[in-house]
file run.cif (mmCIF, C-alpha atoms)
data_data
#
loop_
_atom_site.label_atom_id
_atom_site.label_comp_id
_atom_site.auth_asym_id
_atom_site.auth_seq_id
_atom_site.Cartn_x
_atom_site.Cartn_y
_atom_site.Cartn_z
CA MET A 1 0.00 -26.41 -16.12
CA ASN A 2 -2.38 -27.48 -18.82
CA VAL A 3 -1.78 -25.84 -22.20
CA ASN A 4 -4.29 -26.58 -24.95
CA GLY A 5 -5.27 -29.80 -23.21
CA VAL A 6 -1.74 -31.07 -22.63
CA GLU A 7 -0.02 -31.12 -19.23
CA HIS A 8 3.35 -29.35 -19.11
CA PRO A 9 5.70 -28.67 -16.23
CA ALA A 10 5.90 -25.05 -15.13
CA PRO A 11 9.04 -23.14 -16.10
CA ILE A 12 12.01 -23.74 -13.84
CA ASP A 13 12.93 -20.07 -13.52
CA PRO A 14 10.25 -17.90 -11.89
CA ARG A 15 11.52 -14.94 -13.93
CA ARG A 16 10.27 -16.60 -17.10
CA LEU A 17 7.20 -14.74 -18.34
CA LEU A 18 4.26 -16.88 -19.41
CA ALA A 19 4.51 -15.45 -22.96
CA ASP A 20 8.18 -16.41 -23.24
CA HIS A 21 7.52 -19.81 -21.70
CA LEU A 22 4.83 -20.56 -24.28
CA ARG A 23 7.00 -19.42 -27.16
CA HIS A 24 10.49 -20.54 -26.24
CA ASP A 25 9.99 -23.54 -23.97
CA LEU A 26 6.82 -25.02 -25.48
CA GLY A 27 7.34 -23.83 -29.06
CA LEU A 28 3.87 -22.28 -29.24
CA THR A 29 4.94 -19.27 -31.27
CA GLY A 30 1.39 -18.35 -32.24
CA THR A 31 1.29 -16.21 -29.10
CA HIS A 32 2.99 -13.02 -30.23
CA VAL A 33 4.98 -10.62 -28.11
CA GLY A 34 4.79 -6.94 -29.03
CA CYS A 35 5.17 -4.32 -26.34
CA GLU A 36 5.90 -6.60 -23.38
CA HIS A 37 4.14 -4.30 -20.95
CA GLY A 38 0.48 -5.05 -21.46
CA VAL A 39 -0.47 -2.35 -23.94
CA CYS A 40 -0.58 -3.99 -27.38
CA GLY A 41 -2.58 -7.14 -26.57
CA CYS A 42 -0.64 -9.41 -29.00
CA CYS A 43 0.18 -11.92 -26.27
CA THR A 44 -3.41 -12.42 -25.08
CA VAL A 45 -4.21 -16.03 -24.09
CA LEU A 46 -7.05 -17.60 -22.13
CA LEU A 47 -6.39 -18.39 -18.46
CA ASP A 48 -9.15 -20.74 -17.28
CA GLY A 49 -11.26 -19.38 -20.14
CA GLU A 50 -10.69 -15.68 -19.45
CA PRO A 51 -8.43 -13.58 -21.69
CA VAL A 52 -5.28 -12.29 -19.97
CA ARG A 53 -1.95 -10.81 -21.04
CA SER A 54 0.67 -13.54 -21.02
CA CYS A 55 3.45 -10.92 -20.86
CA LEU A 56 2.06 -9.72 -17.52
CA MET A 57 2.14 -13.10 -15.81
CA LEU A 58 5.00 -15.22 -14.65
CA GLY A 59 4.98 -18.70 -16.14
CA VAL A 60 5.00 -20.24 -12.68
CA GLN A 61 1.74 -18.45 -11.89
CA ALA A 62 -0.02 -20.61 -14.49
CA GLU A 63 0.76 -23.74 -12.47
CA GLY A 64 -2.49 -25.58 -11.81
CA HIS A 65 -4.38 -23.53 -14.41
CA GLU A 66 -5.60 -24.11 -17.94
CA ILE A 67 -4.07 -22.01 -20.68
CA THR A 68 -5.51 -21.81 -24.18
CA THR A 69 -3.39 -20.29 -26.92
CA ILE A 70 -4.30 -19.58 -30.53
CA GLU A 71 -2.99 -23.06 -31.40
CA GLY A 72 -5.60 -24.56 -29.09
CA LEU A 73 -8.64 -23.08 -30.84
CA ALA A 74 -8.58 -25.46 -33.82
CA ARG A 75 -6.18 -28.36 -34.36
CA ASP A 76 -4.51 -29.02 -37.69
CA GLY A 77 -7.02 -30.45 -40.14
CA GLU A 78 -10.00 -29.33 -38.06
CA PRO A 79 -12.31 -26.54 -39.20
CA LEU A 80 -11.28 -23.10 -37.96
CA HIS A 81 -12.78 -21.73 -34.77
CA PRO A 82 -15.73 -19.40 -35.63
CA VAL A 83 -13.71 -16.34 -34.62
CA GLN A 84 -10.78 -17.41 -36.83
CA GLN A 85 -13.18 -18.18 -39.67
CA ALA A 86 -14.76 -14.75 -39.30
CA PHE A 87 -11.38 -12.96 -39.38
CA HIS A 88 -10.56 -14.96 -42.52
CA GLU A 89 -13.84 -14.12 -44.26
CA CYS A 90 -13.85 -10.43 -43.35
CA HIS A 91 -10.14 -9.77 -43.96
CA GLY A 92 -9.75 -8.97 -40.28
CA LEU A 93 -5.98 -9.03 -40.68
CA GLN A 94 -3.34 -7.49 -42.86
CA CYS A 95 0.15 -8.30 -41.63
CA GLY A 96 -1.29 -10.68 -39.05
CA PHE A 97 1.02 -9.86 -36.17
CA CYS A 98 -1.76 -8.67 -33.86
CA THR A 99 -4.23 -11.34 -35.00
CA PRO A 100 -3.67 -14.06 -32.37
CA GLY A 101 -4.21 -11.48 -29.62
CA PHE A 102 -7.31 -10.05 -31.26
CA VAL A 103 -8.76 -13.53 -31.81
CA MET A 104 -8.21 -14.55 -28.18
CA SER A 105 -9.69 -11.27 -26.90
CA VAL A 106 -12.73 -11.72 -29.12
CA VAL A 107 -13.18 -15.34 -27.98
CA GLY A 108 -13.27 -13.96 -24.42
CA LEU A 109 -15.61 -11.13 -25.40
CA LEU A 110 -18.13 -13.46 -27.07
CA ALA A 111 -18.04 -15.89 -24.15
CA ARG A 112 -19.13 -13.01 -21.94
CA HIS A 113 -21.43 -11.26 -24.44
CA PRO A 114 -22.72 -13.76 -27.05
CA GLN A 115 -24.76 -10.96 -28.68
CA PRO A 116 -22.55 -7.91 -28.12
CA THR A 117 -23.74 -4.38 -28.85
CA ALA A 118 -21.63 -2.18 -31.11
CA GLN A 119 -20.21 -0.49 -28.02
CA GLN A 120 -19.37 -3.81 -26.37
CA ILE A 121 -17.52 -4.85 -29.53
CA GLU A 122 -15.55 -1.61 -29.57
CA GLU A 123 -14.67 -1.91 -25.89
CA GLY A 124 -13.90 -5.59 -26.34
CA ILE A 125 -11.21 -4.91 -28.92
CA ALA A 126 -10.01 -1.60 -27.45
CA GLY A 127 -7.20 -3.33 -25.56
CA ASN A 128 -5.59 -4.64 -28.74
CA LEU A 129 -3.56 -2.59 -31.17
CA CYS A 130 -3.41 -3.18 -34.92
CA ARG A 131 -0.59 -1.19 -36.46
CA CYS A 132 -2.00 -1.80 -39.93
CA THR A 133 -5.05 0.01 -38.52
CA GLY A 134 -7.41 -2.57 -39.93
CA TYR A 135 -9.98 -1.90 -37.25
CA ALA A 136 -13.02 -1.58 -39.53
CA SER A 137 -12.50 -5.11 -40.88
CA ILE A 138 -11.77 -6.43 -37.42
CA ARG A 139 -15.02 -4.95 -36.14
CA ARG A 140 -16.86 -6.58 -39.04
CA ALA A 141 -15.14 -9.86 -38.24
CA VAL A 142 -16.47 -9.74 -34.69
CA SER A 143 -20.02 -9.27 -35.97
CA ARG A 144 -19.52 -12.13 -38.40
CA ALA A 145 -18.18 -14.33 -35.59
CA VAL A 146 -21.41 -13.69 -33.69
CA GLU A 147 -23.35 -15.04 -36.69
CA LEU A 148 -21.08 -18.04 -37.15
CA ARG A 149 -21.30 -18.97 -33.46
CA ALA A 150 -25.09 -18.83 -33.60
CA LYS A 151 -25.20 -21.36 -36.45
CA MET B 1 23.31 -7.63 -35.69
CA PRO B 2 20.58 -7.67 -33.08
CA ARG B 3 20.86 -10.60 -30.77
CA ARG B 4 18.37 -13.31 -31.58
CA ARG B 5 15.78 -14.08 -28.95
CA ASP B 6 16.50 -17.41 -27.42
CA ALA B 7 15.53 -19.78 -24.69
CA ARG B 8 17.59 -17.91 -22.09
CA ASP B 9 15.53 -14.71 -22.33
CA LEU B 10 14.38 -13.47 -18.97
CA LYS B 11 12.94 -10.00 -18.81
CA PRO B 12 12.45 -9.29 -15.12
CA PRO B 13 15.55 -8.56 -13.02
CA PRO B 14 16.67 -11.25 -10.56
CA PHE B 15 14.38 -11.82 -7.59
CA GLN B 16 13.59 -14.56 -5.16
CA TYR B 17 10.08 -15.85 -5.54
CA HIS B 18 7.91 -16.71 -2.54
CA THR B 19 4.46 -18.27 -2.56
CA PRO B 20 2.89 -18.02 0.89
CA ALA B 21 -0.23 -20.15 1.42
CA THR B 22 -1.76 -17.97 4.14
CA VAL B 23 -1.95 -14.29 5.09
CA HIS B 24 -0.01 -15.16 8.23
CA GLU B 25 2.80 -16.64 6.16
CA ALA B 26 2.78 -13.67 3.77
CA CYS B 27 3.07 -11.26 6.70
CA SER B 28 5.94 -13.12 8.28
CA LEU B 29 7.75 -13.10 4.91
CA LEU B 30 7.16 -9.36 4.52
CA GLY B 31 8.36 -8.85 8.09
CA SER B 32 11.57 -10.78 7.63
CA LEU B 33 12.64 -10.11 4.05
CA GLU B 34 14.60 -7.07 3.02
CA ASP B 35 13.23 -5.24 -0.05
CA ALA B 36 10.19 -7.39 -0.81
CA LYS B 37 7.28 -6.51 -3.13
CA VAL B 38 3.83 -8.04 -3.02
CA LEU B 39 2.67 -9.55 -6.31
CA ALA B 40 -1.12 -9.71 -6.71
CA GLY B 41 -2.59 -9.12 -10.18
CA GLY B 42 0.76 -7.93 -11.50
CA GLN B 43 -0.75 -5.62 -14.10
CA SER B 44 1.35 -2.70 -12.86
CA LEU B 45 4.23 -4.49 -11.14
CA ILE B 46 5.15 -6.87 -13.97
CA PRO B 47 5.50 -4.07 -16.56
CA LEU B 48 7.80 -2.31 -14.09
CA LEU B 49 9.81 -5.53 -13.74
CA ASN B 50 9.87 -6.10 -17.51
CA PHE B 51 11.34 -2.62 -17.98
CA ARG B 52 13.56 -3.19 -14.93
CA LEU B 53 12.25 0.03 -13.43
CA ALA B 54 11.54 -1.97 -10.27
CA ARG B 55 14.21 -4.33 -8.93
CA PRO B 56 12.91 -5.83 -5.71
CA LYS B 57 15.06 -8.56 -4.16
CA HIS B 58 11.98 -10.62 -3.27
CA LEU B 59 8.55 -11.12 -4.78
CA VAL B 60 5.85 -12.34 -2.40
CA ASP B 61 3.15 -13.78 -4.67
CA ILE B 62 -0.14 -13.81 -2.74
CA ASN B 63 -2.17 -15.49 -5.50
CA GLY B 64 -1.96 -18.87 -3.77
CA ILE B 65 -3.64 -17.64 -0.58
CA ALA B 66 -7.07 -19.20 -0.17
CA ALA B 67 -10.16 -17.25 0.91
CA LEU B 68 -8.79 -13.81 0.11
CA ASP B 69 -11.08 -13.15 -2.85
CA ARG B 70 -14.37 -12.21 -1.22
CA ILE B 71 -16.58 -9.22 -1.92
CA TYR B 72 -18.99 -8.71 0.97
CA GLU B 73 -21.27 -6.22 2.65
CA ARG B 74 -19.92 -4.69 5.84
CA ASP B 75 -20.75 -1.65 7.98
CA GLY B 76 -23.07 -0.17 5.38
CA GLY B 77 -20.45 -0.44 2.64
CA VAL B 78 -18.71 -3.06 0.59
CA ALA B 79 -15.44 -4.78 1.46
CA VAL B 80 -13.14 -6.02 -1.30
CA GLN B 81 -10.39 -8.44 -0.31
CA ALA B 82 -6.86 -8.43 -1.66
CA LEU B 83 -7.27 -11.05 -4.40
CA VAL B 84 -10.56 -9.78 -5.83
CA ARG B 85 -9.98 -9.13 -9.53
CA GLN B 86 -11.28 -5.87 -10.94
CA ALA B 87 -13.44 -7.88 -13.37
CA ALA B 88 -15.17 -9.55 -10.41
CA VAL B 89 -16.01 -6.13 -8.95
CA GLU B 90 -17.28 -5.01 -12.36
CA ASP B 91 -19.66 -8.01 -12.45
CA SER B 92 -20.58 -7.95 -8.75
CA GLU B 93 -24.25 -7.42 -7.89
CA VAL B 94 -23.32 -6.53 -4.31
CA VAL B 95 -21.07 -3.73 -5.54
CA ALA B 96 -23.67 -2.55 -8.06
CA ARG B 97 -26.29 -2.36 -5.30
CA ILE B 98 -24.22 -0.78 -2.54
CA CYS B 99 -21.58 1.21 -4.35
CA PRO B 100 -22.56 1.80 -8.00
CA LEU B 101 -19.88 4.51 -8.15
CA LEU B 102 -17.25 1.79 -7.79
CA SER B 103 -18.94 -0.33 -10.48
CA SER B 104 -18.82 2.52 -12.97
CA ALA B 105 -15.29 3.58 -12.04
CA ILE B 106 -13.97 0.05 -12.60
CA THR B 107 -14.97 0.14 -16.26
CA LEU B 108 -12.53 3.03 -16.75
CA VAL B 109 -9.60 1.00 -15.42
CA ALA B 110 -7.60 -0.15 -18.45
CA HIS B 111 -9.37 -2.90 -20.44
CA ARG B 112 -11.37 -5.97 -19.50
CA VAL B 113 -8.42 -8.24 -20.32
CA ILE B 114 -6.31 -6.31 -17.80
CA ARG B 115 -9.17 -6.24 -15.28
CA ASN B 116 -9.42 -10.04 -15.49
CA ARG B 117 -6.12 -10.16 -13.66
CA GLY B 118 -5.67 -6.78 -11.93
CA THR B 119 -6.93 -6.37 -8.38
CA VAL B 120 -8.68 -3.47 -6.66
CA CYS B 121 -6.40 -3.60 -3.63
CA GLY B 122 -3.38 -3.75 -5.93
CA SER B 123 -4.46 -0.53 -7.65
CA LEU B 124 -4.80 1.15 -4.26
CA ALA B 125 -1.43 -0.10 -2.99
CA HIS B 126 0.28 0.86 -6.26
CA ALA B 127 -1.10 4.41 -5.81
CA ASP B 128 -0.62 5.69 -9.33
CA PRO B 129 -1.68 9.36 -9.12
CA ALA B 130 -3.60 9.07 -12.40
CA SER B 131 -5.56 5.95 -11.49
CA GLU B 132 -9.26 5.97 -10.75
CA LEU B 133 -9.75 3.70 -7.74
CA PRO B 134 -7.64 5.66 -5.23
CA ALA B 135 -9.73 8.77 -6.04
CA VAL B 136 -12.95 6.79 -5.61
CA LEU B 137 -11.81 5.54 -2.20
CA LEU B 138 -10.87 9.10 -1.21
CA ALA B 139 -14.09 10.70 -2.45
CA LEU B 140 -16.19 8.16 -0.57
CA GLY B 141 -14.11 8.40 2.60
CA GLY B 142 -13.24 4.70 2.48
CA ARG B 143 -10.58 2.79 4.37
CA VAL B 144 -8.09 -0.01 3.91
CA VAL B 145 -7.10 -2.76 6.29
CA ALA B 146 -3.38 -3.49 6.63
CA ARG B 147 -2.11 -6.65 8.29
CA SER B 148 1.39 -7.41 9.52
CA ALA B 149 3.00 -9.75 12.01
CA ARG B 150 2.57 -6.84 14.46
CA GLY B 151 -1.21 -6.87 14.07
CA GLU B 152 -3.90 -5.21 12.02
CA ARG B 153 -4.74 -1.56 11.50
CA THR B 154 -7.25 0.43 9.53
CA ILE B 155 -6.05 3.37 7.49
CA ALA B 156 -8.45 6.05 6.23
CA ALA B 157 -8.16 6.98 2.55
CA ASP B 158 -7.10 10.55 3.39
CA GLN B 159 -4.17 9.15 5.38
CA PHE B 160 -3.28 6.37 2.97
CA PHE B 161 -2.06 8.08 -0.20
CA VAL B 162 1.23 9.78 0.67
CA GLY B 163 2.96 10.53 -2.63
CA VAL B 164 3.52 9.34 -6.18
CA PHE B 165 3.34 5.52 -5.98
CA GLU B 166 3.65 5.90 -2.23
CA THR B 167 1.24 4.88 0.53
CA ALA B 168 1.18 4.74 4.32
CA LEU B 169 1.75 0.97 4.20
CA ALA B 170 4.88 -0.10 6.08
CA PRO B 171 7.22 -2.53 4.28
CA ASP B 172 6.01 -5.41 6.45
CA GLU B 173 2.30 -4.72 5.89
CA LEU B 174 -0.06 -6.43 3.48
CA LEU B 175 -3.18 -4.62 2.30
CA VAL B 176 -5.76 -7.34 2.96
CA GLU B 177 -8.98 -5.47 2.33
CA ALA B 178 -10.42 -2.21 1.06
CA TRP B 179 -13.73 -0.89 2.35
CA PHE B 180 -15.87 1.39 0.19
CA PRO B 181 -18.82 3.17 1.85
CA ALA B 182 -22.16 3.00 0.07
CA SER B 183 -22.31 5.63 -2.66
CA ARG B 184 -25.27 7.95 -2.46
CA GLN B 185 -26.72 9.70 -5.47
CA PRO B 186 -25.51 11.77 -7.12
CA SER B 187 -22.20 10.01 -7.51
CA LEU B 188 -20.18 9.81 -10.68
CA ILE B 189 -16.73 9.67 -12.16
CA LEU B 190 -15.61 11.63 -15.20
CA GLU B 191 -12.22 11.60 -16.86
CA GLU B 192 -10.51 12.73 -20.01
CA SER B 193 -8.02 10.41 -21.66
CA ARG B 194 -6.50 10.17 -25.12
CA ARG B 195 -7.92 6.71 -25.75
CA HIS B 196 -10.44 4.50 -24.00
CA GLY B 197 -8.64 2.61 -21.24
CA ASP B 198 -5.67 4.97 -21.04
CA PHE B 199 -4.65 6.68 -17.86
CA ALA B 200 -6.56 9.91 -17.42
CA LEU B 201 -5.07 13.30 -18.24
CA ALA B 202 -7.33 14.50 -15.44
CA GLY B 203 -10.37 13.10 -13.72
CA VAL B 204 -12.95 13.91 -11.07
CA VAL B 205 -15.01 11.78 -8.72
CA ARG B 206 -18.15 13.19 -7.19
CA ALA B 207 -19.58 11.37 -4.19
CA ASP B 208 -22.63 13.29 -3.07
CA ASP B 209 -21.18 16.71 -2.12
CA ARG B 210 -17.55 15.57 -2.01
CA LEU B 211 -15.14 15.98 -4.89
CA ALA B 212 -11.87 14.12 -5.44
CA LEU B 213 -9.46 14.75 -8.31
CA PHE B 214 -6.94 12.42 -9.92
CA GLY B 215 -4.13 12.83 -12.41
CA VAL B 216 -3.38 16.40 -11.28
CA ALA B 217 -1.31 15.99 -8.10
CA PRO B 218 1.11 13.46 -6.59
CA THR B 219 -1.87 11.75 -4.93
CA PRO B 220 -5.63 11.90 -5.41
CA VAL B 221 -6.84 15.05 -3.65
CA LEU B 222 -10.08 16.36 -2.23
CA ALA B 223 -11.18 19.68 -3.70
CA ASP B 224 -13.75 22.39 -3.20
CA PRO B 225 -16.47 21.90 -5.85
CA ARG B 226 -16.89 25.69 -6.14
CA ASP B 227 -13.21 26.24 -6.91
CA PRO B 228 -11.80 22.83 -7.81
CA ALA B 229 -8.50 23.96 -9.32
CA ARG B 230 -7.46 26.12 -6.39
CA GLY B 231 -3.92 25.40 -5.17
CA LEU B 232 -3.28 22.76 -7.84
CA GLU B 233 0.00 22.64 -9.70
CA PRO B 234 -0.32 19.67 -12.06
CA SER B 235 2.71 18.75 -14.11
CA GLY B 236 2.72 19.29 -17.84
CA ASP B 237 3.92 16.68 -20.30
CA LEU B 238 3.56 15.63 -23.94
CA GLU B 239 -0.02 14.56 -23.33
CA ALA B 240 -1.29 17.69 -21.61
CA THR B 241 0.09 21.02 -20.41
CA THR B 242 -0.40 22.27 -16.86
CA ASP B 243 -3.00 24.78 -18.04
CA PHE B 244 -4.91 22.16 -20.00
CA ARG B 245 -5.06 19.88 -16.95
CA LEU B 246 -6.39 22.77 -14.83
CA HIS B 247 -8.94 23.51 -17.53
CA LEU B 248 -10.04 19.86 -17.54
CA VAL B 249 -10.44 19.88 -13.75
CA ARG B 250 -12.76 22.91 -13.92
CA VAL B 251 -14.80 21.57 -16.83
CA LEU B 252 -15.14 18.03 -15.46
CA ALA B 253 -16.00 19.27 -11.96
CA ASP B 254 -18.66 21.61 -13.40
CA LYS B 255 -20.13 18.73 -15.38
CA ALA B 256 -20.10 16.44 -12.36
CA PHE B 257 -21.93 18.96 -10.21
CA ALA B 258 -24.38 19.97 -12.96
CA ALA B 259 -25.53 16.36 -13.18
#
call {"tool": "encode", "arguments": {"input": "run.cif", "output": "C-alpha cells"}}
result
Amino acid sequence: MNVNGVEHPAPIDPRRLLADHLRHDLGLTGTHVGCEHGVCGCCTVLLDGEPVRSCLMLGVQAEGHEITTIEGLARDGEPLHPVQQAFHECHGLQCGFCTPGFVMSVVGLLARHPQPTAQQIEEGIAGNLCRCTGYASIRRAVSRAVELRAK
Amino acid sequence: MPRRRDARDLKPPPFQYHTPATVHEACSLLGSLEDAKVLAGGQSLIPLLNFRLARPKHLVDINGIAALDRIYERDGGVAVQALVRQAAVEDSEVVARICPLLSSAITLVAHRVIRNRGTVCGSLAHADPASELPAVLLALGGRVVARSARGERTIAADQFFVGVFETALAPDELLVEAWFPASRQPSLILEESRRHGDFALAGVVRADDRLALFGVAPTPVLADPRDPARGLEPSGDLEATTDFRLHLVRVLADKAFAA
C-alpha cells in the first residue's frame, strides 16, 4: 500500500486494523485512535482521496490503495496545508486529540464541496467528536480554509 | 498499571481471512466454510469484531471482486450491487431520477465518512432494526438477489427481514444485488434521532400510500397509515421509553401523510 507517497508492505496479520498498522507498524502516530468503533472520527484518513475511518478497515484491505494521513498533508519544513493553517489561525483546537480526524474530514469535505454552505459544513464535521466542545472555532476554521484554498 | 499499547495489539478476535476474486469463488467459500461472515464495507461488522461481540471463524472479504459495484436501471427500478458504497448511491443521478426516496434516505445513514465505505447491500444484510435502508426497501416493495453455489433466488423485502440482525439469507448465500422500485410521489422518510447521523429512536418511510416503520420492532414493519402504532410493542431504553417511541411513530406518520 502507498502511504503518503511511500510504498509499504501490508500488515502480515489480517486482524491488524489500518489505524493500528499506521500507528504501531509505520510509526505514523498522527492518526489518533479514540473510540475504535467508528463514532469519534479521530482516526479518519484518506483512502484514495476519500475520508474513511481507519479503525473500521483491516490494514490488509488497504493493499493496492493510496492512504493519506495527517503527516502526508504537509511535510516538515513545508507550509501547512490550508486546512491545517485555518485550524491554527482560528484556534480550531484545544487539546488537539480530535484534530487530525477533523482536518482529514474537512479535507474530504472541501474536495467534494469547495464552497460549502453552512449546512454542508455542519454535516461535514458532524461525524467527528471534539470533547473540548470547540465546535464554534472548528466551524470558523472550515470557513477560513475555504478562503485559504481559494487564494 | 494499564498495559501499554504495543505492536502486538490486535483488536478483532481470531479469524481466517479469505479474499475471493469472483462471486463464484465467494459462494463456494460460503458453501464450504463453517461459521463464515461476509465482509463488505465493514462499517457495522468491524465495530462488532473490535468489541468481540462477533467472533466468526472466517471472514470472506468481497471487496476484491471485480464488477460488483454497478448501479443500473432494471425493471422500472434501480438495482444496486453488493459493493456499491452508500456514498455512490447518494451521488448517483440514476438513483436520484428513479428512486429519489433512496437518495434522501441515504443521507440519514450515519455520516459521509462512513458512507464512503459502507454498502447498501451490507446495511440490508446486517438488518439492524433501527436502520433506514431496510425500511425503505420494505416500503417500496423491493427485492434482493441471493446467490449461492446452489443457484440464485430473489427474496421479497417482506420475506427478507426475519428478526433483529437476522435475514432470510442462508449461511451459504451472498446478497449480490438489491432492487428498489421507482419511488412515486409522495415519498419521504422521517426520523427522530438524538444527533444527526445517529440511529433513529423511531422512523417512518412513506412510499405513496404505503408506510413502513423502523426502530420500533425487531424488523422494519409495514403499518396502517390511519393507525400506525397499532400492535407495536417497541422496547424502551435510556434513549427513549416505549411510550415515547409510540408517540414518535404517530407524530412522524401524521407528518409524512400530511405532506
call {"tool": "interface_residues", "arguments": {"input": "run.cif", "of": "chain B", "to": "chain A", "cutoff": "10 Å", "atoms": "all atoms listed in the file", "output": "PyMOL selection string"}}
result
chain B and resi 5-19+41-51+59+61+63-64+107+110-118+195-198
call {"tool": "resolve_selection", "arguments": {"input": "run.cif", "expression": "the PyMOL selection byres ((chain B and resi 249) around 8)", "output": "PyMOL selection string"}}
result
chain B and resi 202-204+213+228-229+245-248+250-253
call {"tool": "residues_around", "arguments": {"input": "run.cif", "residues": "region 156-163 of chain B", "least_positions_apart": "5", "cutoff": "6 Å", "atoms": "all atoms listed in the file", "output": "PyMOL selection string"}}
result
chain B and resi 138+142-143+168+218-219
call {"tool": "resolve_selection", "arguments": {"input": "run.cif", "expression": "the PyMOL selection byres ((chain B and resi 25-38) around 10)", "output": "PyMOL selection string"}}
result
chain B and resi 15-24+39-42+45+54-63+65+122+125+147-151+170-175
call {"tool": "atom_distance", "arguments": {"input": "run.cif", "atom1": "CA of Arg226 (chain B)", "atom2": "CA of Asp209 (chain B)"}}
result
10.7 Å
call {"tool": "residues_around", "arguments": {"input": "run.cif", "residues": "Gly64 (chain A)", "least_positions_apart": "5", "cutoff": "12 Å", "atoms": "all atoms listed in the file", "output": "PyMOL selection string"}}
result
(chain A and resi 1-3+7-10+47-48+59) or (chain B and resi 63-64)
call {"tool": "closest_residue", "arguments": {"input": "run.cif", "among": "A:Ala145, A:Gly49, A:Leu73, A:His88", "to": "Val106 (chain A)", "atoms": "only C-alpha atoms"}}
result
A:Ala145
call {"tool": "atom_distance", "arguments": {"input": "run.cif", "atom1": "CA of Arg210 (chain B)", "atom2": "CA of Val136 (chain B)"}}
result
10.5 Å
call {"tool": "atom_distance", "arguments": {"input": "run.cif", "atom1": "CA of Ser123 (chain B)", "atom2": "CA of Val84 (chain B)"}}
result
11.2 Å
call {"tool": "decode", "arguments": {"input": "run.cif", "residues": "region 43-57 of chain A", "atoms": "N, CA and C atoms", "output": "tab-separated table (two decimals), in the first residue's frame"}}
result
chain	number	residue	atom	x	y	z
A	43	CYS	N	-9.67	8.83	13.92
A	43	CYS	CA	-8.76	8.01	13.11
A	43	CYS	C	-8.97	8.22	11.62
A	44	THR	N	-9.73	9.27	11.25
A	44	THR	CA	-10.05	9.48	9.83
A	44	THR	C	-8.79	9.71	8.99
A	45	VAL	N	-8.68	8.97	7.90
A	45	VAL	CA	-7.59	9.14	6.92
A	45	VAL	C	-8.23	9.17	5.53
A	46	LEU	N	-7.43	9.52	4.53
A	46	LEU	CA	-7.97	9.48	3.16
A	46	LEU	C	-7.59	8.15	2.51
A	47	LEU	N	-8.59	7.49	1.94
A	47	LEU	CA	-8.37	6.27	1.16
A	47	LEU	C	-8.66	6.65	-0.29
A	48	ASP	N	-7.63	6.65	-1.11
A	48	ASP	CA	-7.76	7.12	-2.50
A	48	ASP	C	-8.48	8.47	-2.55
A	49	GLY	N	-8.14	9.33	-1.62
A	49	GLY	CA	-8.67	10.70	-1.62
A	49	GLY	C	-9.96	10.90	-0.85
A	50	GLU	N	-10.62	9.82	-0.46
A	50	GLU	CA	-11.90	9.95	0.26
A	50	GLU	C	-11.69	9.66	1.74
A	51	PRO	N	-12.26	10.48	2.63
A	51	PRO	CA	-12.08	10.21	4.06
A	51	PRO	C	-12.80	8.93	4.50
A	52	VAL	N	-12.11	8.11	5.26
A	52	VAL	CA	-12.68	6.89	5.83
A	52	VAL	C	-12.14	6.72	7.25
A	53	ARG	N	-12.81	5.87	8.02
A	53	ARG	CA	-12.36	5.54	9.37
A	53	ARG	C	-11.30	4.45	9.30
A	54	SER	N	-10.10	4.74	9.79
A	54	SER	CA	-9.08	3.70	9.70
A	54	SER	C	-9.24	2.63	10.78
A	55	CYS	N	-10.12	2.89	11.78
A	55	CYS	CA	-10.38	1.84	12.78
A	55	CYS	C	-11.42	0.85	12.27
A	56	LEU	N	-12.08	1.18	11.15
A	56	LEU	CA	-13.12	0.29	10.61
A	56	LEU	C	-12.67	-0.36	9.31
A	57	MET	N	-11.36	-0.48	9.16
A	57	MET	CA	-10.80	-1.16	8.00
A	57	MET	C	-9.67	-2.04	8.49
